[in-house]
$ cat data.cif   # mmCIF, C-alpha atoms
data_start
#
loop_
_atom_site.label_atom_id
_atom_site.label_comp_id
_atom_site.auth_asym_id
_atom_site.auth_seq_id
_atom_site.Cartn_x
_atom_site.Cartn_y
_atom_site.Cartn_z
CA MET X 1 -4.88 3.22 150.47
CA ARG X 2 -3.66 -0.27 149.68
CA LEU X 3 -2.29 -0.64 146.13
CA ALA X 4 -1.17 -3.93 144.63
CA THR X 5 0.39 -4.96 141.34
CA TRP X 6 0.11 -8.48 139.96
CA ASN X 7 0.93 -10.20 136.69
CA VAL X 8 -2.07 -12.54 136.78
CA ASN X 9 -1.08 -14.53 133.66
CA SER X 10 -4.62 -14.80 132.22
CA VAL X 11 -7.35 -13.10 134.21
CA ARG X 12 -10.11 -15.32 132.89
CA THR X 13 -8.30 -18.40 134.16
CA ARG X 14 -7.69 -16.88 137.59
CA VAL X 15 -10.54 -14.43 138.16
CA ASP X 16 -11.91 -16.20 141.24
CA ARG X 17 -8.49 -16.36 142.78
CA VAL X 18 -7.79 -12.70 142.01
CA VAL X 19 -11.06 -11.48 143.53
CA ALA X 20 -10.49 -13.70 146.58
CA PHE X 21 -7.10 -12.03 146.98
CA LEU X 22 -8.70 -8.58 146.80
CA GLU X 23 -11.22 -9.44 149.48
CA ARG X 24 -8.72 -11.21 151.73
CA SER X 25 -6.00 -8.57 151.49
CA GLY X 26 -8.17 -5.47 151.67
CA THR X 27 -6.61 -4.13 148.49
CA ASP X 28 -8.21 -0.92 147.23
CA VAL X 29 -6.53 -0.74 143.83
CA LEU X 30 -5.09 -3.62 141.82
CA ALA X 31 -2.96 -3.10 138.72
CA MET X 32 -2.94 -6.27 136.62
CA GLN X 33 -0.66 -7.34 133.80
CA GLU X 34 -0.75 -10.11 131.19
CA THR X 35 -4.53 -10.32 131.33
CA LYS X 36 -4.49 -12.14 127.96
CA CYS X 37 -7.93 -11.15 126.70
CA LYS X 38 -9.76 -8.56 124.66
CA ASP X 39 -11.61 -5.81 126.53
CA GLU X 40 -14.98 -7.40 125.81
CA GLN X 41 -13.75 -10.74 127.21
CA PHE X 42 -12.58 -9.35 130.55
CA PRO X 43 -14.65 -10.79 133.46
CA ARG X 44 -15.55 -7.35 134.79
CA GLU X 45 -18.86 -8.47 136.28
CA THR X 46 -17.05 -10.57 138.87
CA PHE X 47 -14.97 -7.57 139.94
CA GLU X 48 -17.98 -5.26 139.95
CA SER X 49 -19.93 -7.68 142.12
CA ALA X 50 -17.07 -7.43 144.63
CA GLY X 51 -17.33 -3.62 144.60
CA TYR X 52 -14.58 -2.70 142.12
CA GLU X 53 -14.68 -0.55 139.02
CA VAL X 54 -12.50 -1.87 136.20
CA VAL X 55 -10.72 -0.34 133.23
CA THR X 56 -8.93 -2.54 130.72
CA SER X 57 -6.61 -2.46 127.73
CA GLY X 58 -6.53 -5.71 125.82
CA PHE X 59 -6.54 -6.42 122.11
CA SER X 60 -5.86 -10.16 121.85
CA GLN X 61 -4.85 -13.23 123.79
CA TRP X 62 -1.41 -11.67 124.37
CA ASN X 63 -0.28 -8.96 126.79
CA GLY X 64 -3.11 -6.89 128.31
CA VAL X 65 -3.28 -4.62 131.36
CA ALA X 66 -6.10 -3.61 133.68
CA ILE X 67 -6.85 -1.66 136.85
CA ALA X 68 -9.52 -2.52 139.41
CA SER X 69 -10.40 0.09 142.03
CA ARG X 70 -12.91 0.58 144.83
CA VAL X 71 -11.75 4.18 145.39
CA GLY X 72 -12.66 5.54 141.95
CA ILE X 73 -11.15 5.53 138.47
CA THR X 74 -10.82 8.71 136.40
CA ASP X 75 -8.67 10.19 133.63
CA VAL X 76 -7.95 6.87 131.94
CA GLU X 77 -5.13 6.63 129.37
CA HIS X 78 -4.62 3.51 127.29
CA ALA X 79 -0.98 4.20 126.46
CA PHE X 80 1.62 6.79 127.37
CA ALA X 81 2.70 9.50 124.96
CA GLY X 82 5.50 8.28 122.72
CA GLN X 83 4.94 4.60 123.54
CA PRO X 84 6.78 2.61 120.84
CA GLY X 85 4.95 0.13 118.67
CA TRP X 86 5.95 -3.40 117.75
CA GLY X 87 6.05 -5.15 114.41
CA ASP X 88 6.86 -4.45 110.78
CA ASP X 89 3.82 -2.21 110.74
CA PRO X 90 4.27 -0.97 114.33
CA VAL X 91 1.28 -1.49 116.62
CA THR X 92 0.94 0.04 120.08
CA GLU X 93 0.54 -3.04 122.26
CA ALA X 94 -1.66 -3.30 125.35
CA ARG X 95 1.17 -2.77 127.81
CA ALA X 96 0.41 0.49 129.63
CA LEU X 97 -2.76 1.74 131.29
CA GLY X 98 -2.99 4.84 133.45
CA ALA X 99 -5.78 6.04 135.76
CA SER X 100 -6.26 8.23 138.81
CA CYS X 101 -7.44 6.16 141.77
CA GLY X 102 -7.92 7.56 145.25
CA GLY X 103 -5.75 10.57 144.50
CA VAL X 104 -2.84 8.54 143.07
CA ARG X 105 -1.92 8.38 139.40
CA VAL X 106 -1.49 4.63 138.82
CA TRP X 107 0.15 3.14 135.74
CA SER X 108 -0.16 -0.61 135.20
CA LEU X 109 2.85 -1.58 133.09
CA TYR X 110 3.87 -4.76 131.30
CA VAL X 111 7.36 -4.13 129.97
CA PRO X 112 8.32 -6.15 126.85
CA ASN X 113 10.24 -9.33 127.62
CA GLY X 114 13.04 -8.80 125.10
CA ARG X 115 13.20 -12.49 124.15
CA GLU X 116 16.92 -12.81 123.38
CA ILE X 117 19.88 -10.47 123.18
CA GLY X 118 20.15 -9.34 119.57
CA ASP X 119 16.50 -10.02 118.83
CA PRO X 120 14.54 -7.00 117.53
CA HIS X 121 12.28 -7.44 120.56
CA PHE X 122 15.26 -6.67 122.80
CA ASP X 123 15.78 -3.32 121.07
CA TYR X 124 12.03 -2.71 121.34
CA LYS X 125 12.23 -3.34 125.10
CA LEU X 126 15.00 -0.76 125.53
CA ARG X 127 13.16 1.81 123.39
CA TRP X 128 9.97 1.17 125.36
CA LEU X 129 11.69 1.74 128.70
CA GLU X 130 13.43 4.89 127.46
CA ALA X 131 10.16 6.33 126.13
CA LEU X 132 8.43 5.59 129.42
CA ARG X 133 11.24 7.19 131.40
CA THR X 134 11.09 10.31 129.25
CA GLU X 135 7.35 10.63 129.71
CA ALA X 136 7.46 9.77 133.43
CA ALA X 137 10.05 12.51 133.97
CA ARG X 138 7.82 14.98 132.17
CA TRP X 139 4.89 14.21 134.47
CA ILE X 140 6.77 15.52 137.50
CA GLU X 141 9.05 18.18 136.05
CA ASP X 142 8.50 21.79 137.08
CA ASP X 143 8.45 23.17 133.56
CA ALA X 144 6.05 20.68 131.99
CA GLY X 145 4.44 18.61 134.71
CA ASP X 146 3.42 18.67 138.36
CA PRO X 147 6.10 17.89 140.99
CA ALA X 148 3.32 17.37 143.56
CA LEU X 149 1.65 14.64 141.48
CA PRO X 150 1.67 11.25 143.26
CA VAL X 151 2.57 8.75 140.54
CA ALA X 152 2.97 4.99 140.91
CA LEU X 153 4.61 3.13 138.02
CA VAL X 154 3.77 -0.46 138.91
CA GLY X 155 3.98 -3.77 137.15
CA ASP X 156 6.07 -6.49 135.58
CA TRP X 157 9.28 -4.77 134.48
CA ASN X 158 11.01 -7.88 133.09
CA VAL X 159 14.31 -6.63 134.53
CA ALA X 160 16.26 -8.08 137.46
CA PRO X 161 18.27 -5.01 138.59
CA LEU X 162 20.64 -6.84 140.97
CA ASP X 163 22.50 -10.12 140.69
CA THR X 164 20.67 -11.29 143.82
CA ASP X 165 17.31 -10.73 142.07
CA VAL X 166 17.82 -14.11 140.38
CA TRP X 167 18.53 -17.41 142.05
CA ASP X 168 21.82 -18.01 140.21
CA ILE X 169 23.33 -15.16 138.23
CA GLY X 170 25.74 -17.58 136.57
CA LEU X 171 22.86 -19.25 134.75
CA PHE X 172 21.79 -15.92 133.25
CA ALA X 173 25.03 -15.18 131.39
CA GLY X 174 24.19 -14.07 127.87
CA ARG X 175 20.47 -13.86 128.60
CA THR X 176 17.97 -11.04 128.92
CA HIS X 177 16.70 -9.42 132.13
CA VAL X 178 20.17 -8.95 133.64
CA THR X 179 22.14 -7.16 130.92
CA PRO X 180 23.80 -3.81 131.65
CA ALA X 181 21.60 -2.15 129.02
CA GLU X 182 18.38 -3.33 130.67
CA ARG X 183 19.62 -2.47 134.14
CA ASP X 184 20.70 0.99 133.02
CA ALA X 185 17.27 1.57 131.46
CA PHE X 186 15.63 0.54 134.73
CA ALA X 187 17.95 2.66 136.90
CA ALA X 188 17.25 5.70 134.73
CA PHE X 189 13.93 6.13 136.54
CA ALA X 190 15.87 7.04 139.67
CA ALA X 191 17.69 9.75 137.72
CA ALA X 192 14.25 10.97 136.60
CA GLY X 193 13.30 11.49 140.26
CA TYR X 194 11.47 8.28 141.11
CA THR X 195 12.14 5.87 144.00
CA GLU X 196 11.76 2.11 143.71
CA VAL X 197 9.86 1.71 146.98
CA SER X 198 9.56 -2.07 147.14
CA ARG X 199 13.34 -2.34 147.51
CA THR X 200 13.31 0.44 150.10
CA HIS X 201 10.93 -1.51 152.30
CA LEU X 202 12.00 -5.06 151.38
CA PRO X 203 15.78 -4.92 150.84
CA ALA X 204 16.50 -8.59 151.60
CA GLU X 205 18.48 -10.41 148.92
CA HIS X 206 16.97 -13.32 147.01
CA THR X 207 13.45 -12.01 147.55
CA TYR X 208 11.46 -13.01 144.49
CA THR X 209 8.17 -12.14 142.78
CA TYR X 210 8.24 -14.71 139.95
CA TRP X 211 8.95 -18.44 139.68
CA ASP X 212 8.75 -20.31 136.37
CA TYR X 213 6.33 -23.23 136.19
CA GLN X 214 9.04 -25.55 134.89
CA GLN X 215 11.68 -27.61 136.74
CA LEU X 216 10.14 -27.19 140.21
CA ARG X 217 11.34 -23.60 140.35
CA PHE X 218 8.93 -22.59 143.10
CA PRO X 219 9.55 -25.49 145.52
CA ARG X 220 13.27 -24.90 145.04
CA ASN X 221 12.82 -21.12 145.47
CA GLU X 222 14.56 -20.52 142.15
CA GLY X 223 12.88 -17.25 141.33
CA MET X 224 13.36 -13.74 140.01
CA ARG X 225 12.50 -10.30 141.35
CA ILE X 226 11.04 -8.46 138.37
CA ASP X 227 7.85 -6.79 139.69
CA PHE X 228 8.47 -3.30 141.05
CA THR X 229 6.98 0.10 141.89
CA TRP X 230 8.67 3.38 141.00
CA ALA X 231 7.05 6.15 143.07
CA SER X 232 7.25 9.87 142.33
CA PRO X 233 8.76 12.26 144.92
CA ALA X 234 5.26 13.20 146.09
CA LEU X 235 4.30 9.57 146.63
CA ALA X 236 7.42 7.77 147.85
CA PRO X 237 7.37 9.23 151.41
CA ARG X 238 3.73 8.18 151.78
CA VAL X 239 4.51 4.49 151.24
CA THR X 240 4.50 3.03 154.74
CA GLY X 241 5.01 -0.63 153.92
CA VAL X 242 5.42 -3.20 151.16
CA GLU X 243 4.55 -6.89 151.13
CA ILE X 244 5.25 -9.63 148.58
CA ASP X 245 2.44 -12.16 148.93
CA ARG X 246 4.41 -15.34 148.28
CA ASN X 247 1.46 -17.50 149.30
CA GLU X 248 -0.31 -16.60 146.05
CA ARG X 249 2.21 -18.76 144.17
CA LYS X 250 1.00 -21.82 146.08
CA GLY X 251 -1.81 -24.20 145.25
CA LYS X 252 -3.80 -25.03 142.17
CA GLY X 253 -4.24 -22.40 139.49
CA ALA X 254 -1.55 -19.99 140.68
CA SER X 255 0.02 -17.37 138.43
CA ASP X 256 3.78 -17.59 138.04
CA HIS X 257 3.98 -14.10 139.59
CA VAL X 258 2.74 -12.96 143.00
CA PRO X 259 1.21 -9.66 144.15
CA VAL X 260 3.38 -6.84 145.44
CA ILE X 261 1.30 -4.79 147.89
CA LEU X 262 1.93 -1.19 148.98
CA ASP X 263 0.34 0.64 151.88
CA ILE X 264 0.04 4.37 151.15
CA ALA X 265 -0.71 6.95 153.80
CA ASP X 266 -3.11 9.81 153.14
CA ALA X 267 -1.59 13.02 151.82
CA ALA X 268 -0.73 15.58 154.49
#

$ encode --input "data.cif" --output "structure tokens"
Amino acid sequence: MRLATWNVNSVRTRVDRVVAFLERSGTDVLAMQETKCKDEQFPRETFESAGYEVVTSGFSQWNGVAIASRVGITDVEHAFAGQPGWGDDPVTEARALGASCGGVRVWSLYVPNGREIGDPHFDYKLRWLEALRTEAARWIEDDAGDPALPVALVGDWNVAPLDTDVWDIGLFAGRTHVTPAERDAFAAFAAAGYTEVSRTHLPAEHTYTYWDYQQLRFPRNEGMRIDFTWASPALAPRVTGVEIDRNERKGKGASDHVPVILDIADAA
């Protein structure tokens, strides 16, 4: 199975490009983030015409996650248990969508940005990651979950775990994405039993998945590596290769992120 994750930064704006990517790359399952539309606005007919089923979670023009699959979609969850809400009257945002596709439990995740250190949104981001880690650990623990369950936690994590995951760490002093607290929250998934498989297969430094639209960041290769896949113990050994499709950042109408593609072998 070929599984990809991509922050598409408005699916309605880029639907033709996204479907062209699916057809060109032979992707079986695509987890999308930042779809930026309500469920009823999602261009599902275009995906269905290409042979993909679609499930979505979108409440407004902000956030939004979706999964497109040509190998089936079952057991859909529109949030994970314990997912924190945001706001004075906390609302569970459209940031997590789970479904079983081709025998793999796929979660499309759009981790809160955090905005600025000290902002309430930063605390929300850390609480969100901790709640996800707690629930993800439960899914594969012997006493409460299924250690043989193949789980893929994929998406835009809004964390750069290493200094070399940004083009110039000096420019990020006092900013989000690189703080010890965020990095510790990200690394906690390893302690929960998961493996970040994109790094395993693509360990090269200064390998990016995101380039801002401003200040010629892409032509200068001034990017960030913030799109990752944490794989459960049952899934990680089945990942045979990972590709970052940098070409999808080129040309007219590109998202500021690019797809991260995993090849997954059949279960033994």

$ closest_residue --input "data.cif" --among "X:Lys125, X:Arg138, X:Arg175, X:Arg225" --to "Glu205 of chain X" --atoms "only C-alpha atoms"
X:Arg225

$ resolve_selection --input "data.cif" --expression "the PyMOL selection byres ((chain X and resi 109) around 12)" --output "MDAnalysis selection string"
chainID X and resid 5:7 30:35 57 63:67 78:80 83 93:99 106:108 110:112 128:129 132 152:158 226:230

$ closest_residue --input "data.cif" --among "X:Arg238, X:Lys252, X:Arg24, X:His177" --to "Ile117 of chain X" --atoms "all atoms listed in the file"
X:His177

$ resolve_selection --input "data.cif" --expression "the PyMOL selection byres ((chain X and resi 21) around 12)" --output "JSON, numbers by chain"
{"X": [4, 5, 6, 8, 14, 15, 16, 17, 18, 19, 20, 22, 23, 24, 25, 26, 27, 28, 29, 30, 47, 50, 245, 247, 248, 249, 254, 258, 259, 260, 261]}

$ axis_aligned_box --input "data.cif" --around "segment 111-118 of chain X" --padding-each-side "4 Å" --output "AutoDock Vina command-line options"
--center_x 13.8 --center_y -8.5 --center_z 124.8 --size_x 20.8 --size_y 16.7 --size_z 18.4

$ atom_distance --input "data.cif" --atom1 "atom CA of Trp211 of chain X" --atom2 "atom CA of Ala181 of chain X"
23.2 Å

$ closest_residue --input "data.cif" --among "X:Asp168, X:Glu53, X:Glu141, X:Asp163" --to "Ala234 of chain X" --atoms "all atoms listed in the file"
X:Glu141

$ closest_residue --input "data.cif" --among "X:Gln214, X:Gln41, X:Ser10, X:Ser198" --to "Ala236 of chain X" --atoms "only C-alpha atoms"
X:Ser198

$ resolve_selection --input "data.cif" --expression "the PyMOL selection byres ((chain X and resi 39) around 8)" --output "PDB file with C-alpha atoms, keeping the file's coordinate frame"
ATOM      1  CA  CYS X  37      -7.930 -11.150 126.700  1.00  0.00           C
ATOM      2  CA  LYS X  38      -9.760  -8.560 124.660  1.00  0.00           C
ATOM      3  CA  GLU X  40     -14.980  -7.400 125.810  1.00  0.00           C
ATOM      4  CA  GLN X  41     -13.750 -10.740 127.210  1.00  0.00           C
ATOM      5  CA  PHE X  42     -12.580  -9.350 130.550  1.00  0.00           C
ATOM      6  CA  THR X  56      -8.930  -2.540 130.720  1.00  0.00           C
ATOM      7  CA  SER X  57      -6.610  -2.460 127.730  1.00  0.00           C
ATOM      8  CA  GLY X  58      -6.530  -5.710 125.820  1.00  0.00           C
ATOM      9  CA  PHE X  59      -6.540  -6.420 122.110  1.00  0.00           C
TER      10      PHE X  59
END

$ atom_distance --input "data.cif" --atom1 "atom CA of His121 of chain X" --atom2 "atom CA of Trp86 of chain X"
8.0 Å

$ closest_residue --input "data.cif" --among "X:Lys36, X:Gly241, X:Glu222, X:Val71" --to "Gly51 of chain X" --atoms "all atoms listed in the file"
X:Val71

$ closest_residue --input "data.cif" --among "X:Ile244, X:Ala148, X:Ile264, X:Ala81" --to "Glu130 of chain X" --atoms "only C-alpha atoms"
X:Ala81

$ atom_distance --input "data.cif" --atom1 "atom CA of Leu126 of chain X" --atom2 "atom CA of Pro150 of chain X"
25.2 Å

$ decode --input "data.cif" --residues "segment 41-55 of chain X" --atoms "all heavy atoms" --output "short mmCIF file (atom, residue, chain, number, x, y, z; two decimals), in the first residue's frame"
data_model
loop_
_atom_site.label_atom_id
_atom_site.label_comp_id
_atom_site.auth_asym_id
_atom_site.auth_seq_id
_atom_site.Cartn_x
_atom_site.Cartn_y
_atom_site.Cartn_z
N GLN X 41 -18.82 21.30 1.67
CA GLN X 41 -18.12 22.05 0.62
C GLN X 41 -16.97 21.25 0.01
O GLN X 41 -16.41 21.66 -1.00
CB GLN X 41 -17.56 23.36 1.19
CG GLN X 41 -18.61 24.34 1.69
CD GLN X 41 -17.98 25.51 2.40
OE1 GLN X 41 -17.03 25.36 3.18
NE2 GLN X 41 -18.50 26.70 2.14
N PHE X 42 -16.62 20.14 0.60
CA PHE X 42 -15.47 19.35 0.13
C PHE X 42 -15.75 18.82 -1.28
O PHE X 42 -16.83 18.27 -1.53
CB PHE X 42 -15.20 18.19 1.08
CG PHE X 42 -13.87 17.52 0.86
CD1 PHE X 42 -12.77 17.89 1.61
CD2 PHE X 42 -13.71 16.55 -0.11
CE1 PHE X 42 -11.53 17.28 1.40
CE2 PHE X 42 -12.48 15.94 -0.32
CZ PHE X 42 -11.39 16.31 0.45
N PRO X 43 -14.81 18.93 -2.21
CA PRO X 43 -15.03 18.50 -3.60
C PRO X 43 -14.91 16.98 -3.76
O PRO X 43 -14.09 16.48 -4.55
CB PRO X 43 -13.94 19.25 -4.37
CG PRO X 43 -12.83 19.39 -3.38
CD PRO X 43 -13.50 19.60 -2.04
N ARG X 44 -15.75 16.24 -3.05
CA ARG X 44 -15.61 14.79 -3.02
C ARG X 44 -15.89 14.15 -4.37
O ARG X 44 -15.35 13.08 -4.67
CB ARG X 44 -16.50 14.19 -1.93
CG ARG X 44 -17.99 14.38 -2.11
CD ARG X 44 -18.76 13.79 -0.94
NE ARG X 44 -18.47 14.48 0.31
CZ ARG X 44 -17.79 13.92 1.31
NH1 ARG X 44 -17.34 12.68 1.19
NH2 ARG X 44 -17.56 14.59 2.41
N GLU X 45 -16.73 14.79 -5.19
CA GLU X 45 -17.06 14.17 -6.48
C GLU X 45 -15.81 14.00 -7.35
O GLU X 45 -15.69 13.01 -8.08
CB GLU X 45 -18.10 15.01 -7.21
CG GLU X 45 -19.46 15.08 -6.52
CD GLU X 45 -19.51 16.13 -5.43
OE1 GLU X 45 -18.50 16.86 -5.24
OE2 GLU X 45 -20.56 16.23 -4.75
N THR X 46 -14.90 14.95 -7.27
CA THR X 46 -13.68 14.85 -8.07
C THR X 46 -12.84 13.66 -7.62
O THR X 46 -12.27 12.94 -8.45
CB THR X 46 -12.86 16.15 -7.96
OG1 THR X 46 -13.70 17.26 -8.28
CG2 THR X 46 -11.68 16.13 -8.90
N PHE X 47 -12.76 13.45 -6.33
CA PHE X 47 -12.02 12.30 -5.80
C PHE X 47 -12.74 10.99 -6.17
O PHE X 47 -12.09 10.01 -6.57
CB PHE X 47 -11.87 12.40 -4.29
CG PHE X 47 -10.88 13.43 -3.84
CD1 PHE X 47 -11.26 14.75 -3.65
CD2 PHE X 47 -9.56 13.09 -3.60
CE1 PHE X 47 -10.34 15.71 -3.25
CE2 PHE X 47 -8.63 14.03 -3.19
CZ PHE X 47 -9.03 15.35 -3.02
N GLU X 48 -14.04 10.98 -6.03
CA GLU X 48 -14.80 9.77 -6.33
C GLU X 48 -14.70 9.41 -7.80
O GLU X 48 -14.61 8.22 -8.15
CB GLU X 48 -16.26 9.97 -5.91
CG GLU X 48 -16.43 10.02 -4.39
CD GLU X 48 -17.81 10.48 -3.96
OE1 GLU X 48 -18.60 10.92 -4.84
OE2 GLU X 48 -18.11 10.41 -2.75
N SER X 49 -14.66 10.40 -8.67
CA SER X 49 -14.51 10.13 -10.09
C SER X 49 -13.15 9.49 -10.40
O SER X 49 -13.01 8.75 -11.38
CB SER X 49 -14.67 11.42 -10.90
OG SER X 49 -15.98 11.92 -10.78
N ALA X 50 -12.18 9.77 -9.55
CA ALA X 50 -10.85 9.18 -9.71
C ALA X 50 -10.73 7.83 -9.02
O ALA X 50 -9.65 7.20 -9.06
CB ALA X 50 -9.79 10.14 -9.17
N GLY X 51 -11.81 7.37 -8.36
CA GLY X 51 -11.81 6.05 -7.75
C GLY X 51 -11.52 6.02 -6.27
O GLY X 51 -11.22 4.95 -5.72
N TYR X 52 -11.67 7.16 -5.58
CA TYR X 52 -11.36 7.24 -4.16
C TYR X 52 -12.61 7.52 -3.33
O TYR X 52 -13.43 8.38 -3.71
CB TYR X 52 -10.34 8.35 -3.89
CG TYR X 52 -8.96 8.05 -4.43
CD1 TYR X 52 -8.67 8.26 -5.78
CD2 TYR X 52 -7.96 7.55 -3.61
CE1 TYR X 52 -7.41 7.98 -6.29
CE2 TYR X 52 -6.70 7.27 -4.12
CZ TYR X 52 -6.43 7.48 -5.46
OH TYR X 52 -5.18 7.19 -5.97
N GLU X 53 -12.75 6.80 -2.24
CA GLU X 53 -13.73 7.16 -1.22
C GLU X 53 -13.13 8.28 -0.36
O GLU X 53 -11.90 8.35 -0.19
CB GLU X 53 -14.05 5.97 -0.32
CG GLU X 53 -14.67 4.79 -1.01
CD GLU X 53 -14.87 3.64 -0.02
OE1 GLU X 53 -15.82 3.72 0.78
OE2 GLU X 53 -14.07 2.69 -0.05
N VAL X 54 -13.98 9.12 0.20
CA VAL X 54 -13.48 10.24 0.99
C VAL X 54 -14.28 10.35 2.29
O VAL X 54 -15.51 10.23 2.29
CB VAL X 54 -13.60 11.56 0.21
CG1 VAL X 54 -13.09 12.72 1.07
CG2 VAL X 54 -12.81 11.50 -1.09
N VAL X 55 -13.56 10.60 3.39
CA VAL X 55 -14.19 11.00 4.64
C VAL X 55 -13.56 12.32 5.05
O VAL X 55 -12.36 12.55 4.82
CB VAL X 55 -14.05 9.95 5.75
CG1 VAL X 55 -14.89 8.73 5.44
CG2 VAL X 55 -12.61 9.56 5.99
#
